[in-house]
Amino acid sequence: MNPVLEVAGLEKRYGAITVVDRVDFTLARGQCLGLIGPNGAGKSTLFNLLDGSVAPNAGTVRLDGQDVTRVAQYRRARLGLGRASQIPRPFHALSVFDNVLVGVMHGSRQAGTARDRTLEILEMVGLAERPGRIAGSLTLLDRKRLELAKAVSVGSKVLLLDEIAGGLTEREVELLVELVRRLKPALGIIWVEHIAHALMAVADHIMVLHFGARVALGPPREVMASSLVQQIYLGKSIDDLATT
Ligand SMILES: Nc1ncnc2c1ncn2[C@@H]1O[C@H](COP(=O)(O)OP(=O)(O)OP(=O)(O)O)[C@@H](O)[C@H]1O
Ligand SMILES: [Mg+2]
């Protein structure tokens, strides 16, 4: 099967500093790529290059076979590049249902099937029980569920998750991991998270960025156990990384 995302030689410089350094990787539908690296390694910048909010100095991004390197962010979103951020931003005054419906309609569905699709998505993220709840009144975990539902609602093929587990309890992180696992079959997912065991539980591969360069990519256990990764994290979150 063709990869849903193909990244080749992607590079971003700010002045003399190379923040993303000729990064290559591919992502297949149904796969989750965990992305780790120390603070400032270039993870969020890589996401910005992928979703089109920042233009690269070199390299290409192909989404579902189409070169989108020069495609504007809003059009890239329409073509299927979705992103969920650490701080969920729902339409606070709208119901859970309407928040997702807006996205489904934006992905240009007919009104009739849009309601069915909305319910289907709410079911998938575990928010189907009270669709009438006002988004602004949701718990943090439910706001994260809604954030994911909204990202899926617009018809995303690739989902970029930037530290979405922030602020959650251990148990809630587990629930979030289950949710990402449920979303996975229909999408390609890239998940940046400092909580290594969450990534270990759901990622098919883990990629490590260090000073903008890809220094490791492979099966989670292999990558986490590598001496290179141990060195990079030495004295930082090594205990966290060792958790499986
Ligand atoms: N607009 C900008 N102008 C100049 N430098 C920038 C800009 N955006 C990011 N940087 C620099 O690029 C580097 C990578 O930042 P980035 O936010 O991508 O790292 P990160 O891996 O997401 O870090 P964190 O784990 O802290 O979220 C940092 O050194 C940062 O200061
Ligand atoms: Mg970041």
# chains A, B, ... in the order shown; residues from 1 in each chain; ligands from 1
$ closest_atom_pairs --of "chain A" --to "ligand 2" --cutoff "9 Å" --atoms "only C-alpha atoms and all ligand atoms" --output "CSV"
residue,atom,partner,partner_atom_place_in_ligand_line,distance
A:Asn39,CA,ligand 2,1 (Mg),7.0
A:Gly40,CA,ligand 2,1 (Mg),7.0
A:Ala41,CA,ligand 2,1 (Mg),8.1
A:Gly42,CA,ligand 2,1 (Mg),7.0
A:Lys43,CA,ligand 2,1 (Mg),5.4
A:Ser44,CA,ligand 2,1 (Mg),4.1
A:Thr45,CA,ligand 2,1 (Mg),7.3
A:Phe47,CA,ligand 2,1 (Mg),8.8
A:Asp162,CA,ligand 2,1 (Mg),7.0
A:Glu163,CA,ligand 2,1 (Mg),7.7
A:Val192,CA,ligand 2,1 (Mg),7.9
$ write_last_selection --atoms "C-alpha atoms" --output "PDB file, in the first residue's frame"
ATOM      1  CA  ASN A  39      13.390  19.930  24.288  1.00  0.00           C
ATOM      2  CA  GLY A  40      14.240  22.018  21.250  1.00  0.00           C
ATOM      3  CA  ALA A  41      15.006  18.978  19.069  1.00  0.00           C
ATOM      4  CA  GLY A  42      12.671  20.250  16.353  1.00  0.00           C
ATOM      5  CA  LYS A  43       9.582  18.082  16.892  1.00  0.00           C
ATOM      6  CA  SER A  44       7.018  20.878  16.812  1.00  0.00           C
ATOM      7  CA  THR A  45       8.852  22.562  13.941  1.00  0.00           C
ATOM      8  CA  PHE A  47       4.883  19.308  12.629  1.00  0.00           C
ATOM      9  CA  ASP A 162       1.568  17.237  19.753  1.00  0.00           C
ATOM     10  CA  GLU A 163       1.820  16.328  23.441  1.00  0.00           C
ATOM     11  CA  VAL A 192       4.919  13.566  19.921  1.00  0.00           C
TER      12      VAL A 192
END
$ residues_around --residues "Val54 in chain A" --least-positions-apart "5" --cutoff "12 Å" --atoms "only C-alpha atoms" --output "ChimeraX atom specification"
/A:10-14,20,44-49,69-73
$ write_last_selection --atoms "C-alpha atoms" --output "tab-separated table (two decimals), in the first residue's frame"
chain	number	residue	atom	x	y	z
A	10	LEU	CA	12.92	18.11	4.91
A	11	GLU	CA	14.92	21.01	6.26
A	12	LYS	CA	14.22	24.20	8.19
A	13	ARG	CA	16.78	26.81	9.13
A	14	TYR	CA	16.37	29.91	11.26
A	20	VAL	CA	15.03	20.40	11.14
A	44	SER	CA	7.02	20.88	16.81
A	45	THR	CA	8.85	22.56	13.94
A	46	LEU	CA	8.65	19.30	11.99
A	47	PHE	CA	4.88	19.31	12.63
A	48	ASN	CA	4.73	22.92	11.42
A	49	LEU	CA	6.48	21.88	8.21
A	69	THR	CA	5.18	20.99	-0.01
A	70	ARG	CA	4.00	24.34	-1.40
A	71	VAL	CA	0.33	23.91	-0.54
A	72	ALA	CA	-1.07	26.41	1.98
A	73	GLN	CA	-1.99	25.23	5.46
$ residues_around --residues "range 180-185 of chain A" --least-positions-apart "3" --cutoff "8 Å" --atoms "only C-alpha atoms" --output "ChimeraX atom specification"
/A:29-32,124,176-177,188-189,202
$ write_last_selection --atoms "C-alpha atoms" --output "PDB file, in the first residue's frame"
ATOM      1  CA  ARG A  29      -2.253   4.263   6.903  1.00  0.00           C
ATOM      2  CA  GLY A  30      -3.002   2.300  10.063  1.00  0.00           C
ATOM      3  CA  GLN A  31       0.372   3.134  11.561  1.00  0.00           C
ATOM      4  CA  CYS A  32       1.386   5.288  14.475  1.00  0.00           C
ATOM      5  CA  MET A 124     -15.417   6.179  18.400  1.00  0.00           C
ATOM      6  CA  LEU A 176      -6.120   8.279  25.674  1.00  0.00           C
ATOM      7  CA  VAL A 177      -3.783   5.527  24.431  1.00  0.00           C
ATOM      8  CA  GLY A 188      -1.636   7.585   9.772  1.00  0.00           C
ATOM      9  CA  ILE A 189      -0.755   9.087  13.142  1.00  0.00           C
ATOM     10  CA  VAL A 202       0.607   2.324  20.616  1.00  0.00           C
TER      11      VAL A 202
END
$ atom_distance --atom1 "CA of Val215 in chain A" --atom2 "CA of Val173 in chain A"
26.9 Å
$ closest_residue --among "A:Met105, A:Val68, A:Ala213, A:Ala28" --to "ligand 1" --atoms "only C-alpha atoms and all ligand atoms"
A:Ala213
$ closest_residue --among "A:Leu160, A:Leu50, A:Ala8, A:Leu119" --to "Gly82 in chain A" --atoms "only C-alpha atoms"
A:Leu160
$ select_by_dssp --residues "range 33-72 of chain A" --states "strand (DSSP E)" --output "list in words"
Leu33, Gly34, Leu35, Ile36, Ala58, Gly59, Thr60, Val61, Arg62, Leu63, Gln66 and Asp67 of chain A
$ closest_residue --among "A:Gly34, A:Gly9, A:Gly155, A:Gly112" --to "Ala201 in chain A" --atoms "only C-alpha atoms"
A:Gly34
$ select_by_dssp --residues "range 84-189 of chain A" --states "helix (DSSP H, G or I)" --output "JSON, numbers by chain"
{"A": [96, 97, 98, 99, 100, 101, 102, 103, 104, 105, 106, 111, 112, 113, 114, 115, 116, 117, 118, 119, 120, 121, 122, 123, 124, 125, 135, 136, 137, 140, 141, 142, 143, 144, 145, 146, 147, 148, 149, 150, 151, 152, 153, 170, 171, 172, 173, 174, 175, 176, 177, 178, 179, 180, 181, 182, 183, 184, 185, 186]}
$ residues_around --residues "Ile134 in chain A" --least-positions-apart "2" --cutoff "9 Å" --atoms "only C-alpha atoms" --output "JSON, numbers by chain"
{"A": [91, 92, 93, 94, 95, 96, 97, 131, 132, 136, 137, 138]}
$ decode --residues "range 27-57 of chain A" --atoms "N, CA and C atoms" --output "mmCIF file, in the first residue's frame"
data_model
loop_
_atom_site.group_PDB
_atom_site.id
_atom_site.type_symbol
_atom_site.label_atom_id
_atom_site.label_comp_id
_atom_site.auth_asym_id
_atom_site.auth_seq_id
_atom_site.Cartn_x
_atom_site.Cartn_y
_atom_site.Cartn_z
ATOM 1 N N LEU A 27 5.053 7.133 6.294
ATOM 2 C CA LEU A 27 4.020 6.692 7.241
ATOM 3 C C LEU A 27 2.905 6.034 6.449
ATOM 4 N N ALA A 28 2.541 4.828 6.866
ATOM 5 C CA ALA A 28 1.449 4.130 6.193
ATOM 6 C C ALA A 28 0.146 4.348 6.957
ATOM 7 N N ARG A 29 -0.954 4.229 6.245
ATOM 8 C CA ARG A 29 -2.253 4.263 6.903
ATOM 9 C C ARG A 29 -2.318 3.089 7.897
ATOM 10 N N GLY A 30 -2.909 3.358 9.058
ATOM 11 C CA GLY A 30 -3.002 2.300 10.063
ATOM 12 C C GLY A 30 -1.787 2.227 10.969
ATOM 13 N N GLN A 31 -0.836 3.154 10.732
ATOM 14 C CA GLN A 31 0.372 3.134 11.561
ATOM 15 C C GLN A 31 0.480 4.367 12.426
ATOM 16 N N CYS A 32 1.087 4.170 13.591
ATOM 17 C CA CYS A 32 1.386 5.288 14.475
ATOM 18 C C CYS A 32 2.894 5.396 14.636
ATOM 19 N N LEU A 33 3.404 6.576 14.317
ATOM 20 C CA LEU A 33 4.825 6.857 14.495
ATOM 21 C C LEU A 33 4.978 7.717 15.744
ATOM 22 N N GLY A 34 5.725 7.216 16.726
ATOM 23 C CA GLY A 34 6.008 8.022 17.916
ATOM 24 C C GLY A 34 7.224 8.885 17.642
ATOM 25 N N LEU A 35 7.129 10.153 17.999
ATOM 26 C CA LEU A 35 8.243 11.065 17.742
ATOM 27 C C LEU A 35 8.747 11.620 19.066
ATOM 28 N N ILE A 36 10.025 11.365 19.345
ATOM 29 C CA ILE A 36 10.606 11.863 20.594
ATOM 30 C C ILE A 36 11.898 12.623 20.317
ATOM 31 N N GLY A 37 12.391 13.262 21.341
ATOM 32 C CA GLY A 37 13.620 14.039 21.241
ATOM 33 C C GLY A 37 13.608 15.067 22.356
ATOM 34 N N PRO A 38 14.784 15.482 22.802
ATOM 35 C CA PRO A 38 14.862 16.448 23.897
ATOM 36 C C PRO A 38 14.181 17.769 23.545
ATOM 37 N N ASN A 39 13.966 18.608 24.535
ATOM 38 C CA ASN A 39 13.390 19.930 24.288
ATOM 39 C C ASN A 39 14.228 20.662 23.243
ATOM 40 N N GLY A 40 13.537 21.253 22.277
ATOM 41 C CA GLY A 40 14.240 22.018 21.250
ATOM 42 C C GLY A 40 14.797 21.180 20.112
ATOM 43 N N ALA A 41 14.472 19.885 20.101
ATOM 44 C CA ALA A 41 15.006 18.978 19.069
ATOM 45 C C ALA A 41 14.409 19.231 17.690
ATOM 46 N N GLY A 42 13.279 19.937 17.646
ATOM 47 C CA GLY A 42 12.671 20.250 16.353
ATOM 48 C C GLY A 42 11.362 19.518 16.066
ATOM 49 N N LYS A 43 10.798 18.887 17.084
ATOM 50 C CA LYS A 43 9.582 18.082 16.892
ATOM 51 C C LYS A 43 8.399 18.945 16.441
ATOM 52 N N SER A 44 8.152 20.022 17.178
ATOM 53 C CA SER A 44 7.018 20.878 16.812
ATOM 54 C C SER A 44 7.272 21.576 15.480
ATOM 55 N N THR A 45 8.530 21.933 15.231
ATOM 56 C CA THR A 45 8.852 22.562 13.941
ATOM 57 C C THR A 45 8.593 21.581 12.798
ATOM 58 N N LEU A 46 8.939 20.314 13.019
ATOM 59 C CA LEU A 46 8.649 19.301 11.993
ATOM 60 C C LEU A 46 7.141 19.253 11.730
ATOM 61 N N PHE A 47 6.345 19.282 12.801
ATOM 62 C CA PHE A 47 4.883 19.308 12.629
ATOM 63 C C PHE A 47 4.448 20.544 11.839
ATOM 64 N N ASN A 48 5.084 21.688 12.145
ATOM 65 C CA ASN A 48 4.730 22.916 11.425
ATOM 66 C C ASN A 48 5.042 22.798 9.931
ATOM 67 N N LEU A 49 6.123 22.094 9.624
ATOM 68 C CA LEU A 49 6.479 21.881 8.207
ATOM 69 C C LEU A 49 5.480 20.930 7.556
ATOM 70 N N LEU A 50 5.024 19.942 8.328
ATOM 71 C CA LEU A 50 4.094 18.955 7.771
ATOM 72 C C LEU A 50 2.714 19.565 7.541
ATOM 73 N N ASP A 51 2.247 20.394 8.484
ATOM 74 C CA ASP A 51 0.886 20.933 8.313
ATOM 75 C C ASP A 51 0.864 22.217 7.488
ATOM 76 N N GLY A 52 2.059 22.718 7.135
ATOM 77 C CA GLY A 52 2.101 23.865 6.230
ATOM 78 C C GLY A 52 2.072 25.207 6.921
ATOM 79 N N SER A 53 2.194 25.246 8.240
ATOM 80 C CA SER A 53 2.211 26.547 8.919
ATOM 81 C C SER A 53 3.577 27.208 8.816
ATOM 82 N N VAL A 54 4.592 26.408 8.478
ATOM 83 C CA VAL A 54 5.940 26.936 8.250
ATOM 84 C C VAL A 54 6.453 26.325 6.946
ATOM 85 N N ALA A 55 7.148 27.150 6.125
ATOM 86 C CA ALA A 55 7.672 26.637 4.846
ATOM 87 C C ALA A 55 9.093 26.118 5.031
ATOM 88 N N PRO A 56 9.419 24.979 4.429
ATOM 89 C CA PRO A 56 10.768 24.437 4.573
ATOM 90 C C PRO A 56 11.770 25.161 3.673
ATOM 91 N N ASN A 57 13.063 25.046 4.003
ATOM 92 C CA ASN A 57 14.117 25.543 3.123
ATOM 93 C C ASN A 57 14.448 24.528 2.043
#
